[in-house]
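To start, the structure itself, in structure tokens.
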Amino acid sequence: MKEKKEVNPIWGAVWAMALCAFVLIASEFMPVSLLTPIANDLTITEGYAGQSISISGLFALFTSLFLTTIVGKIDRKSILLFFTILMGISGIIVAFAPNATILMIGRAILGICIGGFWSMSAATAMRLVPKDKVPKALAIINGGNALATTIAAPLGSYLGGIIGWRGAFFCIVPIAIIAFIWQYKSMPSLPSQHSYGHRPKLSSVFKLLKQWKVTLGIVSVMLFFMGVFSLFTYLRPFLEVKTKLDVQMISLALLALGIAGLIGTFIIGNLLKTKLFSLLIVIPFLMMFLAIGFILFGNSVTWVFILISLWGLFATSAPVAWWTWLSQTLPNDAEAGGGLMVAVIQLSITLGAALGGLLFDAYGYEITFVFSAIILAISAIMSSITAFYTVKNR
């Protein structure tokens with residue numbers, strides 16, 4: 001029965017999910033470039049305004065863990081459409097927030113959408129295209145992620161200067177509506193695949209960790225994202241202090257990072273069919289050297305632009321590889337596995353940013369970037385162990 005579904009790939013639905021991913025990530029990171037006007041308008045500190053980002057991550061974490069249990073037998077198309085319209089509602093709430101409390105409520109709703117969408121992304125892609133096309137589908141969906149990462153901050157800053165931060169957030173709403181209509185038109189019905197219609201339990205997510213190949217991979221994922229975000233979160237102050245770039249040059253550097261990441265998501269889609277484990281090992285290994293490179297060549301604008309572009313190329317394409325690993329490792333438990341993956345990624349981002357912040361404040365960027373390099377090196381080692389164990393036990 002599955003084979004019949006796999007004959008005709010539904011690329012329209014995949015591209016619709018990519019647009020949804022774009023809106024989600026753009027919404028998530030737009031406050032980065034709008035913290036000052038948000039804080040001034042709502043009479044709060046910039047630090048408090050910055051919690052609008054962390055609260056969305058917190059709600060994404062919990063949603064990803066409980067989603068499979070909550071949705072039960074509901075058609076997966078309906079769930080994705082629900083999250084898409086909820087994303088638009090979040091944009092409206094944030095755009096018209098009269099105070100910080102309402103702002104945080106809007107951002108919490110966005111976090112629910114983020115956790116729900118990404119938890120289901122791999123499982124949905126596996127049902128829309130043939131097995132050999134899954135890496136390409138995941139690359140397309142993550143391409144929306146990369147595109148949003150590329151333009152969200154500079155576009156938010158630009159729109160904020162013209163129509164204000166509220167107008168910038170409201171621009172998300174019509175795009176969310178387009179994503180909703182596109183998914184509604186292109187996506188087929190996706191009934192729950194759980195046996196006998198049983199409602200999955202939260203424990204089913206954690207039971208996956210009883211499989212050593214899953215545990216090893218999840219630890220590798222956690223270390224990778226910790227290493228990435230312990231450096232990436234503090235890239236801007238590094239560029240200001242060490243490389244001495246002005247605001248325009250920093251925006252250009254971040255644009256180069258985003259464009260390279262967008263390119264990387266499509267390059268890696270073609271390599272994953274035969275080089276999955278090689279990429280999972282090599283990417284964190286190379287990024288370890290990039291972290292050291294920032295320390296050694298941080299005074300050179302040319303070298304920094306090269307390093308930051310390579311960082312974007314690898315850091316943005318790596319998630320495509322890990323989602324592909326998930327689809328191959330847990331073909332029959334992709335929803336539960338997706339929830340576990342999203343929860344771990346959100347937790348590791350939080351830990352990486354927090355630990356990196358403590359080191360950055362106490363010792364400066366050098367120790368912070370060395371810490372990132374060490375964690376990435378350990379991630380590469382864990383990925384090697386994961387690959388060895390998986391191949392040995394096939």
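In the structure tokens, chains take letters A, B, ... by order of appearance, with residues numbered from 1 within each chain and ligands from 1 in the order shown.
Residues with any atom within 7 Å of A:Leu340, counting only C-alpha atoms and excluding same-chain neighbours fewer than 4 positions away, are A:Ser64, A:Leu65, A:Val205, A:Ala336, A:Val344.
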Who sits within 10 Å of stretch 155-165 of chain A, only C-alpha atoms, same chain under 2 positions skipped, as an NGL selection string:
:A and (26-27 or 29-38 or 41 or 94-95 or 148 or 150-153 or 167-171)
Nearest to A:Met287: which of A:Gln346, A:Ser372, A:Thr43, A:Ser230 is it, counting only C-alpha atoms?
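So, comparing all the options, the nearest one is A:Ser372.
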Smallest atom-to-atom distance to A:Val391: which of A:Lys213, A:Arg76, A:Leu310, A:Trp303, using only C-alpha atoms?
A:Lys213
Counting only C-alpha atoms, which residues of stretch 20-139 of chain A sit at most 12 Å from some atom of stretch 260-271 of chain A, and what is each one's closest atom pair with its distance in Å to one decimal, listed by chain and rising residue number, as JSON lines?
```
{"residue": "A:Phe22", "atom": "CA", "partner": "A:Leu262", "partner_atom": "CA", "distance": 11.7}
{"residue": "A:Asp132", "atom": "CA", "partner": "A:Asn270", "partner_atom": "CA", "distance": 10.7}
{"residue": "A:Lys133", "atom": "CA", "partner": "A:Gly269", "partner_atom": "CA", "distance": 9.2}
{"residue": "A:Val134", "atom": "CA", "partner": "A:Gly269", "partner_atom": "CA", "distance": 9.0}
{"residue": "A:Pro135", "atom": "CA", "partner": "A:Gly269", "partner_atom": "CA", "distance": 5.5}
{"residue": "A:Lys136", "atom": "CA", "partner": "A:Gly269", "partner_atom": "CA", "distance": 4.9}
{"residue": "A:Ala137", "atom": "CA", "partner": "A:Gly269", "partner_atom": "CA", "distance": 8.2}
{"residue": "A:Leu138", "atom": "CA", "partner": "A:Gly269", "partner_atom": "CA", "distance": 7.8}
{"residue": "A:Ala139", "atom": "CA", "partner": "A:Thr265", "partner_atom": "CA", "distance": 5.4}
```
My list of candidates is A:Ala318, A:Ile218, A:Leu24, A:Leu80. Which is closest to A:Ile175 when distances are computed with only C-alpha atoms?
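The answer is A:Leu24, which sits nearest to A:Ile175.
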Please, what distance in Å, to one decimal, runs between atom CA of A:Asp75 and atom CA of A:Ser189?
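Pair atom CA of A:Asp75 / atom CA of A:Ser189 returns 6.8 Å.
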Could you check the closest approach to A:Ala253 for each of A:Thr302, A:Gln211, A:Thr386, A:Asn8 and tell me which residue wins, using only C-alpha atoms?
A:Thr302
What is the atom CA of A:Phe62 to atom CA of A:Leu351 distance in Å?
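Taking atom CA of A:Phe62 as the start and atom CA of A:Leu351 as the end point, the length is 15.7 Å.
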How far is it from atom CA of A:Leu231 to atom CA of A:Thr368, in Å with one decimal?
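That distance, rounded to one decimal, is 6.7 Å.
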Tell me which of A:Ile283, A:Ile109, A:Ala176, A:Leu58 sits closest to A:Leu19, counting only C-alpha atoms.
A:Ala176
So, counting only C-alpha atoms, which residue among A:Gly338, A:Gly364, A:Gly12, A:Pro237 is closest to A:Pro188?
A:Gly12
For A:Ala100, list every protein, DNA or RNA residue within 8 Å, evaluated using only C-alpha atoms, and leave out those in the same chain fewer than 4 positions away; present the list as a ChimeraX atom specification.
/A:42,44,49,104
If you count only C-alpha atoms, which residues fall within 12 Å of A:Phe305, apart from same-chain ones fewer than 5 positions away, as JSON, numbers by chain?
{"A": [239, 243, 245, 249, 250, 251, 252, 253, 254, 255, 256, 257, 258, 260, 290, 293, 294, 297, 298, 299, 300, 310, 311, 312]}
Prev. selection, N, CA, C and O atoms, output as a short mmCIF file (atom, residue, chain, number, x, y, z; two decimals), in the first residue's frame:
```cif
data_model
loop_
_atom_site.label_atom_id
_atom_site.label_comp_id
_atom_site.auth_asym_id
_atom_site.auth_seq_id
_atom_site.Cartn_x
_atom_site.Cartn_y
_atom_site.Cartn_z
N LEU A 239 32.26 40.20 15.64
CA LEU A 239 32.50 40.98 14.43
C LEU A 239 32.69 42.47 14.76
O LEU A 239 33.46 43.16 14.10
N THR A 243 36.79 42.05 14.58
CA THR A 243 36.96 42.41 13.18
C THR A 243 36.70 43.89 12.94
O THR A 243 37.07 44.43 11.91
N LEU A 245 33.85 45.56 12.39
CA LEU A 245 32.94 45.86 11.29
C LEU A 245 31.85 46.81 11.77
O LEU A 245 31.42 46.74 12.92
N MET A 249 28.50 46.48 7.34
CA MET A 249 29.36 45.35 7.02
C MET A 249 28.92 44.08 7.76
O MET A 249 29.02 42.97 7.23
N ILE A 250 28.44 44.26 8.98
CA ILE A 250 27.93 43.10 9.73
C ILE A 250 26.71 42.53 9.01
O ILE A 250 26.58 41.30 8.86
N SER A 251 25.82 43.40 8.54
CA SER A 251 24.64 42.95 7.80
C SER A 251 25.06 42.20 6.53
O SER A 251 24.47 41.18 6.17
N LEU A 252 26.10 42.70 5.87
CA LEU A 252 26.60 42.06 4.66
C LEU A 252 27.21 40.70 4.98
O LEU A 252 27.00 39.72 4.23
N ALA A 253 27.93 40.62 6.10
CA ALA A 253 28.53 39.35 6.51
C ALA A 253 27.45 38.32 6.83
O ALA A 253 27.54 37.15 6.43
N LEU A 254 26.40 38.74 7.54
CA LEU A 254 25.31 37.83 7.88
C LEU A 254 24.53 37.42 6.64
O LEU A 254 24.01 36.30 6.55
N LEU A 255 24.45 38.33 5.66
CA LEU A 255 23.80 38.00 4.40
C LEU A 255 24.61 36.93 3.65
O LEU A 255 24.05 36.00 3.09
N ALA A 256 25.94 37.08 3.67
CA ALA A 256 26.81 36.09 3.04
C ALA A 256 26.64 34.73 3.71
O ALA A 256 26.58 33.68 3.05
N LEU A 257 26.52 34.73 5.05
CA LEU A 257 26.29 33.49 5.80
C LEU A 257 24.99 32.84 5.36
O LEU A 257 24.93 31.62 5.13
N GLY A 258 23.94 33.64 5.23
CA GLY A 258 22.63 33.10 4.86
C GLY A 258 22.59 32.58 3.43
O GLY A 258 22.02 31.51 3.17
N ALA A 260 25.13 31.47 1.65
CA ALA A 260 25.92 30.24 1.62
C ALA A 260 25.11 29.08 2.20
O ALA A 260 25.16 27.95 1.69
N LEU A 290 36.81 25.87 11.51
CA LEU A 290 36.30 27.22 11.26
C LEU A 290 36.25 28.02 12.56
O LEU A 290 36.58 29.22 12.57
N GLY A 293 39.55 29.09 13.23
CA GLY A 293 39.91 30.08 12.22
C GLY A 293 39.44 31.47 12.57
O GLY A 293 40.14 32.47 12.32
N PHE A 294 38.27 31.57 13.18
CA PHE A 294 37.77 32.89 13.60
C PHE A 294 38.72 33.54 14.60
O PHE A 294 38.93 34.75 14.59
N PHE A 297 42.20 34.36 12.53
CA PHE A 297 42.14 35.33 11.43
C PHE A 297 41.05 36.37 11.62
O PHE A 297 40.58 36.99 10.66
N GLY A 298 40.62 36.57 12.87
CA GLY A 298 39.53 37.49 13.16
C GLY A 298 39.80 38.93 12.79
O GLY A 298 38.86 39.72 12.64
N ASN A 299 41.08 39.32 12.64
CA ASN A 299 41.42 40.70 12.28
C ASN A 299 41.26 40.98 10.80
O ASN A 299 41.23 42.14 10.39
N SER A 300 41.20 39.93 9.99
CA SER A 300 41.14 40.09 8.54
C SER A 300 39.68 40.03 8.06
O SER A 300 39.01 39.01 8.22
N LEU A 310 31.58 29.86 4.86
CA LEU A 310 31.73 28.41 5.03
C LEU A 310 30.93 27.92 6.23
O LEU A 310 30.33 26.83 6.20
N TRP A 311 30.93 28.73 7.29
CA TRP A 311 30.14 28.37 8.48
C TRP A 311 28.65 28.24 8.10
O TRP A 311 27.98 27.29 8.48
N GLY A 312 28.15 29.21 7.35
CA GLY A 312 26.76 29.16 6.91
C GLY A 312 26.49 27.97 6.01
O GLY A 312 25.44 27.31 6.12
#
```
